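Structure file start.pdb (PDB, C-alpha atoms) follows.
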```
MODEL        1
ATOM      1  CA  MET A   9       0.000   0.000   0.000
ATOM      2  CA  ALA A  10       1.128   3.539  -0.737
ATOM      3  CA  LYS A  11       1.796   6.013   2.039
ATOM      4  CA  ASN A  12      -0.356   9.098   2.407
ATOM      5  CA  VAL A  13       1.848  11.523   0.515
ATOM      6  CA  ALA A  14       0.618  14.971  -0.438
ATOM      7  CA  GLN A  15       0.278  15.112  -4.203
ATOM      8  CA  SER A  16      -0.632  18.661  -5.093
ATOM      9  CA  PRO A  17       1.544  21.699  -4.337
ATOM     10  CA  LEU A  18      -1.253  23.146  -2.216
ATOM     11  CA  GLU A  19      -1.324  20.044  -0.027
ATOM     12  CA  ARG A  20       2.477  20.102   0.360
ATOM     13  CA  LYS A  21       2.362  23.783   1.298
ATOM     14  CA  GLY A  22      -0.369  23.058   3.847
ATOM     15  CA  ILE A  23       1.622  20.256   5.467
ATOM     16  CA  ALA A  24       4.784  22.374   5.567
ATOM     17  CA  SER A  25       2.814  25.226   7.073
ATOM     18  CA  LEU A  26       1.347  22.893   9.671
ATOM     19  CA  ASP A  27       4.803  21.589  10.592
ATOM     20  CA  GLN A  28       6.053  25.152  10.884
ATOM     21  CA  LYS A  29       3.135  26.111  13.138
ATOM     22  CA  LEU A  30       3.739  23.049  15.306
ATOM     23  CA  ALA A  31       7.435  23.908  15.690
ATOM     24  CA  MET A  32       6.525  27.498  16.553
ATOM     25  CA  ALA A  33       4.011  26.318  19.173
ATOM     26  CA  LYS A  34       6.630  24.052  20.768
ATOM     27  CA  ARG A  35       9.108  26.933  20.869
ATOM     28  CA  CYS A  36       6.519  29.259  22.429
ATOM     29  CA  SER A  37       5.608  26.740  25.110
ATOM     30  CA  HIS A  38       9.275  26.049  25.879
ATOM     31  CA  GLU A  39       9.911  29.779  26.309
ATOM     32  CA  GLY A  40       6.956  29.888  28.706
ATOM     33  CA  VAL A  41       8.242  26.959  30.755
ATOM     34  CA  VAL A  42      11.710  28.466  31.090
ATOM     35  CA  ALA A  43      10.393  31.917  32.034
ATOM     36  CA  GLY A  44       7.921  30.394  34.490
ATOM     37  CA  ALA A  45      10.614  28.299  36.158
ATOM     38  CA  LYS A  46      12.844  31.345  36.582
ATOM     39  CA  ALA A  47       9.960  33.298  38.106
ATOM     40  CA  ALA A  48       9.103  30.415  40.446
ATOM     41  CA  VAL A  49      12.673  30.223  41.753
ATOM     42  CA  LEU A  50      12.779  33.966  42.308
ATOM     43  CA  ALA A  51       9.371  33.961  44.016
ATOM     44  CA  THR A  52      10.412  31.066  46.262
ATOM     45  CA  ILE A  53      13.462  32.941  47.475
ATOM     46  CA  ALA A  54      11.575  36.217  47.838
ATOM     47  CA  THR A  55       8.830  34.532  49.854
ATOM     48  CA  ALA A  56      10.872  32.099  51.935
ATOM     49  CA  ILE A  57      13.067  34.705  53.574
ATOM     50  CA  PRO A  58      10.314  36.901  55.076
ATOM     51  CA  THR A  59       8.085  33.910  55.878
ATOM     52  CA  MET A  60      10.796  32.105  57.820
ATOM     53  CA  ALA A  61      11.968  35.302  59.501
ATOM     54  CA  SER A  62       8.477  36.287  60.605
ATOM     55  CA  ALA A  63       7.801  32.769  61.915
ATOM     56  CA  ARG A  64      10.789  33.161  64.207
ATOM     57  CA  MET A  65      10.424  36.827  65.253
ATOM     58  CA  LEU A  66       6.725  37.654  65.426
ATOM     59  CA  PRO A  67       4.810  36.141  68.339
ATOM     60  CA  TRP A  68       1.591  35.598  66.329
ATOM     61  CA  ALA A  69       3.421  33.911  63.466
ATOM     62  CA  ARG A  70       5.454  31.762  65.863
ATOM     63  CA  ALA A  71       2.237  30.555  67.490
ATOM     64  CA  ASN A  72       0.210  30.001  64.325
ATOM     65  CA  LEU A  73       2.569  29.176  61.430
ATOM     66  CA  ASN A  74       4.004  25.700  61.773
ATOM     67  CA  HIS A  75       6.405  24.243  59.175
ATOM     68  CA  THR A  76       3.543  22.966  57.016
ATOM     69  CA  ALA A  77       1.906  26.390  56.884
ATOM     70  CA  GLN A  78       5.194  28.027  55.960
ATOM     71  CA  ALA A  79       5.782  25.506  53.174
ATOM     72  CA  LEU A  80       2.230  26.024  51.913
ATOM     73  CA  ILE A  81       2.692  29.805  51.749
ATOM     74  CA  ILE A  82       5.988  29.510  49.889
ATOM     75  CA  SER A  83       4.833  26.840  47.431
ATOM     76  CA  THR A  84       1.583  28.675  46.663
ATOM     77  CA  VAL A  85       3.450  31.838  45.725
ATOM     78  CA  ALA A  86       5.945  29.860  43.628
ATOM     79  CA  GLY A  87       3.171  28.023  41.778
ATOM     80  CA  ALA A  88       1.237  31.201  41.124
ATOM     81  CA  ALA A  89       4.357  32.958  39.824
ATOM     82  CA  TYR A  90       5.113  30.035  37.519
ATOM     83  CA  PHE A  91       1.669  29.944  35.928
ATOM     84  CA  ILE A  92       1.259  33.697  35.624
ATOM     85  CA  VAL A  93       4.647  34.258  33.996
ATOM     86  CA  ALA A  94       4.418  31.169  31.772
ATOM     87  CA  ASP A  95       0.978  32.234  30.540
ATOM     88  CA  LYS A  96       2.065  35.801  29.838
ATOM     89  CA  THR A  97       5.186  34.577  28.021
ATOM     90  CA  VAL A  98       3.293  32.130  25.817
ATOM     91  CA  LEU A  99       0.684  34.761  24.943
ATOM     92  CA  ALA A 100       3.335  37.384  24.156
ATOM     93  CA  SER A 101       5.248  34.927  21.997
ATOM     94  CA  ALA A 102       2.090  33.895  20.158
ATOM     95  CA  ARG A 103       1.187  37.533  19.601
ATOM     96  CA  ARG A 104       4.658  38.262  18.195
ATOM     97  CA  ASN A 105       4.443  35.264  15.899
ATOM     98  CA  SER A 106       0.932  36.119  14.724
ATOM     99  CA  PHE A 107       2.145  39.563  13.661
ATOM    100  CA  LYS A 108       5.017  37.936  11.772
ATOM    101  CA  GLN A 109       2.607  35.498  10.108
ATOM    102  CA  GLY A 110       0.235  38.334   9.225
ATOM    103  CA  SER A 111       2.944  40.413   7.595
ATOM    104  CA  LEU A 112       4.215  37.383   5.647
ATOM    105  CA  SER A 113       0.763  36.506   4.347
ATOM    106  CA  ASN A 114       0.187  40.149   3.326
ATOM    107  CA  MET A 115       3.433  40.102   1.343
ATOM    108  CA  GLU A 116       2.446  36.904  -0.458
ATOM    109  CA  ALA A 117      -0.906  38.327  -1.539
TER     110      ALA A 117
ENDMDL
END
```
Rewrite the coordinates I just gave you, this time as structure tokens.
Amino acid sequence: MAKNVAQSPLERKGIASLDQKLAMAKRCSHEGVVAGAKAAVLATIATAIPTMASARMLPWARANLNHTAQALIISTVAGAAYFIVADKTVLASARRNSFKQGSLSNMEA
């Protein structure tokens, strides 16, 4: 049996375009993951220091924030930072690429 091979030039162009879009989507998502991870590390450090310090110095925090509560505060901030920054990065990258695609399609027409 023959493989499904695109025969017409339009079909080949469509498949190439689809492969290009898939590669661009992978690149956008990778940029988002990297930016989100960097933000999560920074947020963890920025949150851990005051949380741990307040749990040792402030009487209310010493009485009410055990180790589990401190870890929950820190991990919640890190997770939120990751998702917010990753989402913004992916959207910005997609917006940049859509403008590039739009200008290329206008030139072809």
*Go through A:Val85, A:Glu39, A:Ala77, A:Met65 and flag the residue nearest Ile53 (chain A), using all atoms listed in the file for the distances.*
A:Val85
_Explicit residues for the PyMOL selection byres ((chain A and resi 100-106) around 9) (as a PyMOL selection string)_ = chain A and resi 32-33+35-37+39-40+95-99+107-111
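Nearest to Thr59 (chain A) of all the residues A:Val41, A:Leu26, A:Ala79, A:Ala86 is A:Ala79, based on all atoms listed in the file.
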Listed atoms of region 71-77 of chain A boxed axis-aligned with 6 Å per side, centre + edges as AutoDock Vina command-line options:
```
--center_x 3.3 --center_y 26.8 --center_z 62.2 --size_x 18.2 --size_y 19.6 --size_z 22.6
```
*Tell me which protein, DNA and RNA residues are within 10 Å of Ile92 (chain A), counting all atoms listed in the file, leaving out same-chain ones fewer than 6 positions away, and put them as a ChimeraX atom specification.*
/A:40,43-44,47-48
_CA of Arg64 (chain A) to CA of Ala45 (chain A), straight-line distance in Å_ = 28.5 Å
*Find the residue from A:Ala24, A:Leu66, A:Val42, A:Leu30 that sits nearest to Ala94 (chain A); use all atoms listed in the file when measuring.*
A:Val42
*Skip Ala69 (chain A) itself and residues of its chain fewer than 6 positions away, then list as a ChimeraX atom specification all residues within 10 Å of it, counting all atoms listed in the file.*
/A:59-63,78
*Separation of CA of His38 (chain A) from CA of Phe91 (chain A), in Å and rounded to one decimal*: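 CA of His38 (chain A) sits 13.2 Å away from CA of Phe91 (chain A).
Of note, CA of Ala88 (chain A) and CA of Ala56 (chain A) are spaced 14.5 Å apart.
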*Of the residues A:Asp27, A:Pro67, A:Thr55, A:Lys34, which is the one nearest to Ser83 (chain A), using all atoms listed in the file?*
A:Thr55
Regenerate region 88-104 of chain A at the level of N, CA and C atoms and dump it as a compact mmCIF listing (two decimals), in the coordinates of the input.
```txt
# COMPACT_ATOMS: atom_id res chain seq x y z
N ALA A 88 1.95 30.09 41.77
CA ALA A 88 1.24 31.20 41.12
C ALA A 88 2.17 31.98 40.20
N ALA A 89 3.39 32.23 40.66
CA ALA A 89 4.36 32.96 39.82
C ALA A 89 4.66 32.18 38.56
N TYR A 90 4.82 30.86 38.69
CA TYR A 90 5.11 30.04 37.52
C TYR A 90 4.01 30.17 36.48
N PHE A 91 2.76 29.95 36.89
CA PHE A 91 1.67 29.94 35.93
C PHE A 91 1.39 31.32 35.34
N ILE A 92 1.51 32.35 36.14
CA ILE A 92 1.26 33.70 35.62
C ILE A 92 2.31 34.08 34.58
N VAL A 93 3.58 33.87 34.91
CA VAL A 93 4.65 34.26 34.00
C VAL A 93 4.66 33.37 32.76
N ALA A 94 4.44 32.06 32.93
CA ALA A 94 4.42 31.17 31.77
C ALA A 94 3.29 31.55 30.82
N ASP A 95 2.12 31.85 31.37
CA ASP A 95 0.98 32.23 30.54
C ASP A 95 1.26 33.53 29.79
N LYS A 96 1.77 34.52 30.49
CA LYS A 96 2.06 35.80 29.84
C LYS A 96 3.13 35.63 28.76
N THR A 97 4.12 34.78 29.01
CA THR A 97 5.19 34.58 28.02
C THR A 97 4.66 33.88 26.78
N VAL A 98 3.85 32.85 26.97
CA VAL A 98 3.29 32.13 25.82
C VAL A 98 2.40 33.06 25.00
N LEU A 99 1.57 33.84 25.66
CA LEU A 99 0.68 34.76 24.94
C LEU A 99 1.48 35.83 24.20
N ALA A 100 2.52 36.37 24.83
CA ALA A 100 3.34 37.38 24.16
C ALA A 100 4.06 36.79 22.95
N SER A 101 4.56 35.59 23.10
CA SER A 101 5.25 34.93 22.00
C SER A 101 4.28 34.63 20.85
N ALA A 102 3.09 34.17 21.19
CA ALA A 102 2.09 33.90 20.16
C ALA A 102 1.67 35.18 19.45
N ARG A 103 1.55 36.25 20.21
CA ARG A 103 1.19 37.53 19.60
C ARG A 103 2.28 38.00 18.65
N ARG A 104 3.54 37.89 19.07
CA ARG A 104 4.66 38.26 18.20
C ARG A 104 4.63 37.45 16.92
```
